[in-house]
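J.: Take this structure first; my questions come after.
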Amino acid sequence: MTTPDHALSTVRARIEAACREAGRDPDTVRLLAVSKTRDADEIRALHACGQSAFGENYVPELVDKYDALEAPPAPLGLEWHFIGALQGNKTRAVAERAAWVHTVDRERIARRLSDQRPAGLPPLQVCLQVNISEEPQKAGVAPAEAATLADAVRDLPGLELRGLMAIPAAEDDPRRQREPFARLRALRDTLNSQGHTLDTLSMGMSGDLEAAILEGATLVRVGTALFGPRPPK
């Protein structure tokens with residue numbers, strides 16, 4: 001059985017190798033440990049190895065783990081990211097706990113997060129989720145509509161618009177993996193040419209993080225390669 005420290009060092013080595021191939025500084029790519037379906041003890045174990053940023057896909061799981069791991073007298077002080085589909089009736093729990101939300105794809109969700117972000121917390125860092133492969137079954141704003149959404153989100157109080165996120169269609173060929181990541185990077189560059197200052201590309205997972213890094217990913221979301229296969233439901 002792979003230990004947490006070995007899994008973490010293996011993923012970090014993959015990130016460093018991809019950065020070398022791309023001619024990039026490894027410090028420009030952050031690792032987000034995707035901890036959905038994992039329990040608090042597994043998160044504690046990976047944190048003990050030096051991982052501090054964790055991503056959750058489901059609001060009830062975020063609430064349970066945040067409340068367990070950040071409770072006095074010894075909160076871990078983790079950086080919590082919400083990376084799943086977000087419904088309007090569940091935004092408050094995320095606004096009160098997360099440091100980042102990667103899945104803003106509607107102005108209504110952004111406004112609710114803005115209204116519900118506690119005044120005593122730093123601005124909530126947000127990415128727009130883009131349906132970069134334009135798959136009808138997937139969430140995300142259409143690429144052609146991203147500029148309108150970015151303009152609407154940019155000045156909302158309590159939020160800081162940081163970048164774009166995507167989950168492209170699954171692809172095994174590394175060359176084909178790069179294509180949607182390149183489109184997301186180009187979209188980010190277009191938005192910046194229109195006056196935005198986006199610095200984050202949240203793209204790449206266990207099976208395609210190298211392709212994402214080659215196309216400019218600044219944050220990769222990795223679950224299976226860190227925690228192993230997910231337990232059966």
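Identifiers in the structure tokens: chain A, B, ... in order shown; residue index from 1 per chain; ligand index from 1 in order shown.
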Can you list, as a ChimeraX atom specification, every protein, DNA or RNA residue that comes within 12 Å of Gly50 in chain A when you count only C-alpha atoms, leaving out same-chain residues fewer than 3 positions away?
T.: /A:4-9,12,31-33,43-47,53-54,76,78
J.: Give the alpha helix (DSSP H) residues of range 29-196 of chain A, as assigned by DSSP on the backbone, as number ranges by chain.
T.: A: 40-48, 59-69, 91-97, 107-116, 146-154, 174-193
J.: Using only C-alpha atoms, tabulate the residues of range 147-168 of chain A lying at most 10 Å from any atom of range 84-101 of chain A, each with its closest atom pair and that distance in Å to one decimal, by chain and increasing residue number, as a tab-separated table.
T.:
```
residue	atom	partner	partner_atom	distance
A:Gly158	CA	A:Ala95	CA	9.5
A:Leu159	CA	A:Trp100	CA	9.5
A:Glu160	CA	A:Trp100	CA	9.4
A:Leu161	CA	A:Val101	CA	9.9
A:Arg162	CA	A:Trp100	CA	9.4
A:Met165	CA	A:Val101	CA	9.9
```
J.: Could you tell me how far CA of Gln194 in chain A sits from CA of Arg111 in chain A, in Å to one decimal place?
T.: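 According to the coordinates, CA of Arg111 in chain A and CA of Gln194 in chain A are separated by 22.1 Å.
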J.: Considering only C-alpha atoms, give me a table of residues in range 105-170 of chain A that are at most 12 Å from range 208-224 of chain A, with the closest atom pair and distance in Å for each, as CSV.
T.:
```
residue,atom,partner,partner_atom,distance
A:Cys127,CA,A:Leu219,CA,11.3
A:Arg162,CA,A:Thr218,CA,11.1
A:Gly163,CA,A:Thr218,CA,9.8
A:Leu164,CA,A:Ala217,CA,10.0
A:Met165,CA,A:Leu219,CA,9.2
A:Ala166,CA,A:Ala212,CA,10.5
A:Ile167,CA,A:Arg221,CA,10.1
A:Pro168,CA,A:Asp208,CA,10.1
A:Ala169,CA,A:Asp208,CA,11.1
A:Ala170,CA,A:Asp208,CA,9.1
```
J.: Those residues with all heavy atoms, as a JSON list (two decimals), in the first residue's frame please?
T.:
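The resulting file, again23.json, is reproduced below:
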```json
[["chain", "number", "residue", "atom", "x", "y", "z"],
["A", 127, "CYS", "N", -12.92, 31.17, -9.45],
["A", 127, "CYS", "CA", -12.66, 30.89, -10.86],
["A", 127, "CYS", "C", -13.98, 30.65, -11.56],
["A", 127, "CYS", "O", -14.92, 30.11, -10.96],
["A", 127, "CYS", "CB", -11.77, 29.65, -11.01],
["A", 127, "CYS", "SG", -10.09, 29.82, -10.40],
["A", 162, "ARG", "N", -10.15, 35.28, -9.98],
["A", 162, "ARG", "CA", -8.76, 34.90, -10.16],
["A", 162, "ARG", "C", -8.47, 34.21, -11.48],
["A", 162, "ARG", "O", -7.33, 34.29, -11.98],
["A", 162, "ARG", "CB", -8.34, 33.96, -9.01],
["A", 162, "ARG", "CG", -8.28, 34.64, -7.65],
["A", 162, "ARG", "CD", -7.21, 35.69, -7.58],
["A", 162, "ARG", "NE", -5.89, 35.10, -7.83],
["A", 162, "ARG", "CZ", -5.13, 34.55, -6.86],
["A", 162, "ARG", "NH1", -5.57, 34.52, -5.61],
["A", 162, "ARG", "NH2", -3.95, 34.06, -7.15],
["A", 163, "GLY", "N", -9.45, 33.48, -12.04],
["A", 163, "GLY", "CA", -9.11, 32.77, -13.26],
["A", 163, "GLY", "C", -10.20, 31.87, -13.77],
["A", 163, "GLY", "O", -11.39, 32.10, -13.50],
["A", 164, "LEU", "N", -9.79, 30.84, -14.51],
["A", 164, "LEU", "CA", -10.70, 29.93, -15.18],
["A", 164, "LEU", "C", -10.41, 28.50, -14.75],
["A", 164, "LEU", "O", -9.27, 28.14, -14.46],
["A", 164, "LEU", "CB", -10.56, 30.04, -16.70],
["A", 164, "LEU", "CG", -10.72, 31.43, -17.31],
["A", 164, "LEU", "CD1", -10.48, 31.36, -18.82],
["A", 164, "LEU", "CD2", -12.06, 32.05, -17.00],
["A", 165, "MET", "N", -11.45, 27.68, -14.76],
["A", 165, "MET", "CA", -11.34, 26.27, -14.44],
["A", 165, "MET", "C", -12.06, 25.48, -15.50],
["A", 165, "MET", "O", -13.07, 25.94, -16.06],
["A", 165, "MET", "CB", -11.96, 26.00, -13.07],
["A", 165, "MET", "CG", -11.98, 24.53, -12.66],
["A", 165, "MET", "SD", -13.50, 23.67, -13.14],
["A", 165, "MET", "CE", -13.67, 22.51, -11.78],
["A", 166, "ALA", "N", -11.56, 24.27, -15.80],
["A", 166, "ALA", "CA", -12.24, 23.41, -16.78],
["A", 166, "ALA", "C", -11.97, 21.95, -16.47],
["A", 166, "ALA", "O", -10.95, 21.59, -15.89],
["A", 166, "ALA", "CB", -11.78, 23.73, -18.20],
["A", 167, "ILE", "N", -12.94, 21.12, -16.87],
["A", 167, "ILE", "CA", -12.82, 19.66, -16.84],
["A", 167, "ILE", "C", -13.09, 19.19, -18.26],
["A", 167, "ILE", "O", -14.24, 18.94, -18.63],
["A", 167, "ILE", "CB", -13.81, 19.03, -15.85],
["A", 167, "ILE", "CG1", -13.71, 19.69, -14.48],
["A", 167, "ILE", "CG2", -13.59, 17.52, -15.76],
["A", 167, "ILE", "CD1", -14.79, 19.24, -13.51],
["A", 168, "PRO", "N", -12.05, 19.08, -19.09],
["A", 168, "PRO", "CA", -12.29, 18.71, -20.49],
["A", 168, "PRO", "C", -12.80, 17.29, -20.63],
["A", 168, "PRO", "O", -12.76, 16.48, -19.70],
["A", 168, "PRO", "CB", -10.90, 18.85, -21.12],
["A", 168, "PRO", "CG", -10.10, 19.67, -20.17],
["A", 168, "PRO", "CD", -10.65, 19.37, -18.82],
["A", 169, "ALA", "N", -13.27, 16.98, -21.82],
["A", 169, "ALA", "CA", -13.66, 15.61, -22.14],
["A", 169, "ALA", "C", -12.46, 14.69, -21.96],
["A", 169, "ALA", "O", -11.32, 15.05, -22.24],
["A", 169, "ALA", "CB", -14.16, 15.54, -23.58],
["A", 170, "ALA", "N", -12.73, 13.49, -21.45],
["A", 170, "ALA", "CA", -11.65, 12.53, -21.20],
["A", 170, "ALA", "C", -10.94, 12.17, -22.50],
["A", 170, "ALA", "O", -11.58, 11.97, -23.54],
["A", 170, "ALA", "CB", -12.22, 11.28, -20.54]]
```
J.: Can you list every residue in range 30-166 of chain A that DSSP puts in strand (DSSP E or B), as a ChimeraX atom specification?
T.: /A:30-34,53-56,79-82,100-104,124-130,141,159-165
J.: Identify which of the residues A:Arg230, A:Glu79, A:Ala150, A:Leu187 lies closest to Asp39 in chain A, counting only C-alpha atoms when measuring atom-to-atom distances.
T.: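 Closest residue, counting only C-alpha atoms: A:Arg230.
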J.: Between CA of Cys49 in chain A and CA of Pro75 in chain A, what is the distance in Å, rounded to a tenth?
T.: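 Taking CA of Cys49 in chain A and CA of Pro75 in chain A, their separation equals 16.6 Å.
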J.: Report the distance between CA of Leu226 in chain A and CA of Val11 in chain A in Å, rounded to one decimal place.
T.: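 Atom-to-atom, CA of Leu226 in chain A and CA of Val11 in chain A are spaced 7.2 Å apart.
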J.: Show which residues sit within 7 Å of range 129-134 of chain A, as an NGL selection string. Count only C-alpha atoms, and ignore same-chain residues fewer than 4 positions away.
T.: :A and (102-105 or 138-143 or 164-166 or 168-169 or 180 or 184)
J.: Name the closest residue to Asp151 in chain A among the candidates A:Glu61, A:Asp41, A:Glu107, A:Asp27; distances are taken between atoms, counting only C-alpha atoms.
T.: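 For Asp151 in chain A, the nearest of the candidates is A:Glu107.
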J.: Here is a test: counting only C-alpha atoms, which residue of A:Arg178, A:Ser114, A:Ala22, A:Pro73 is nearest to Arg154 in chain A?
T.: A:Ser114
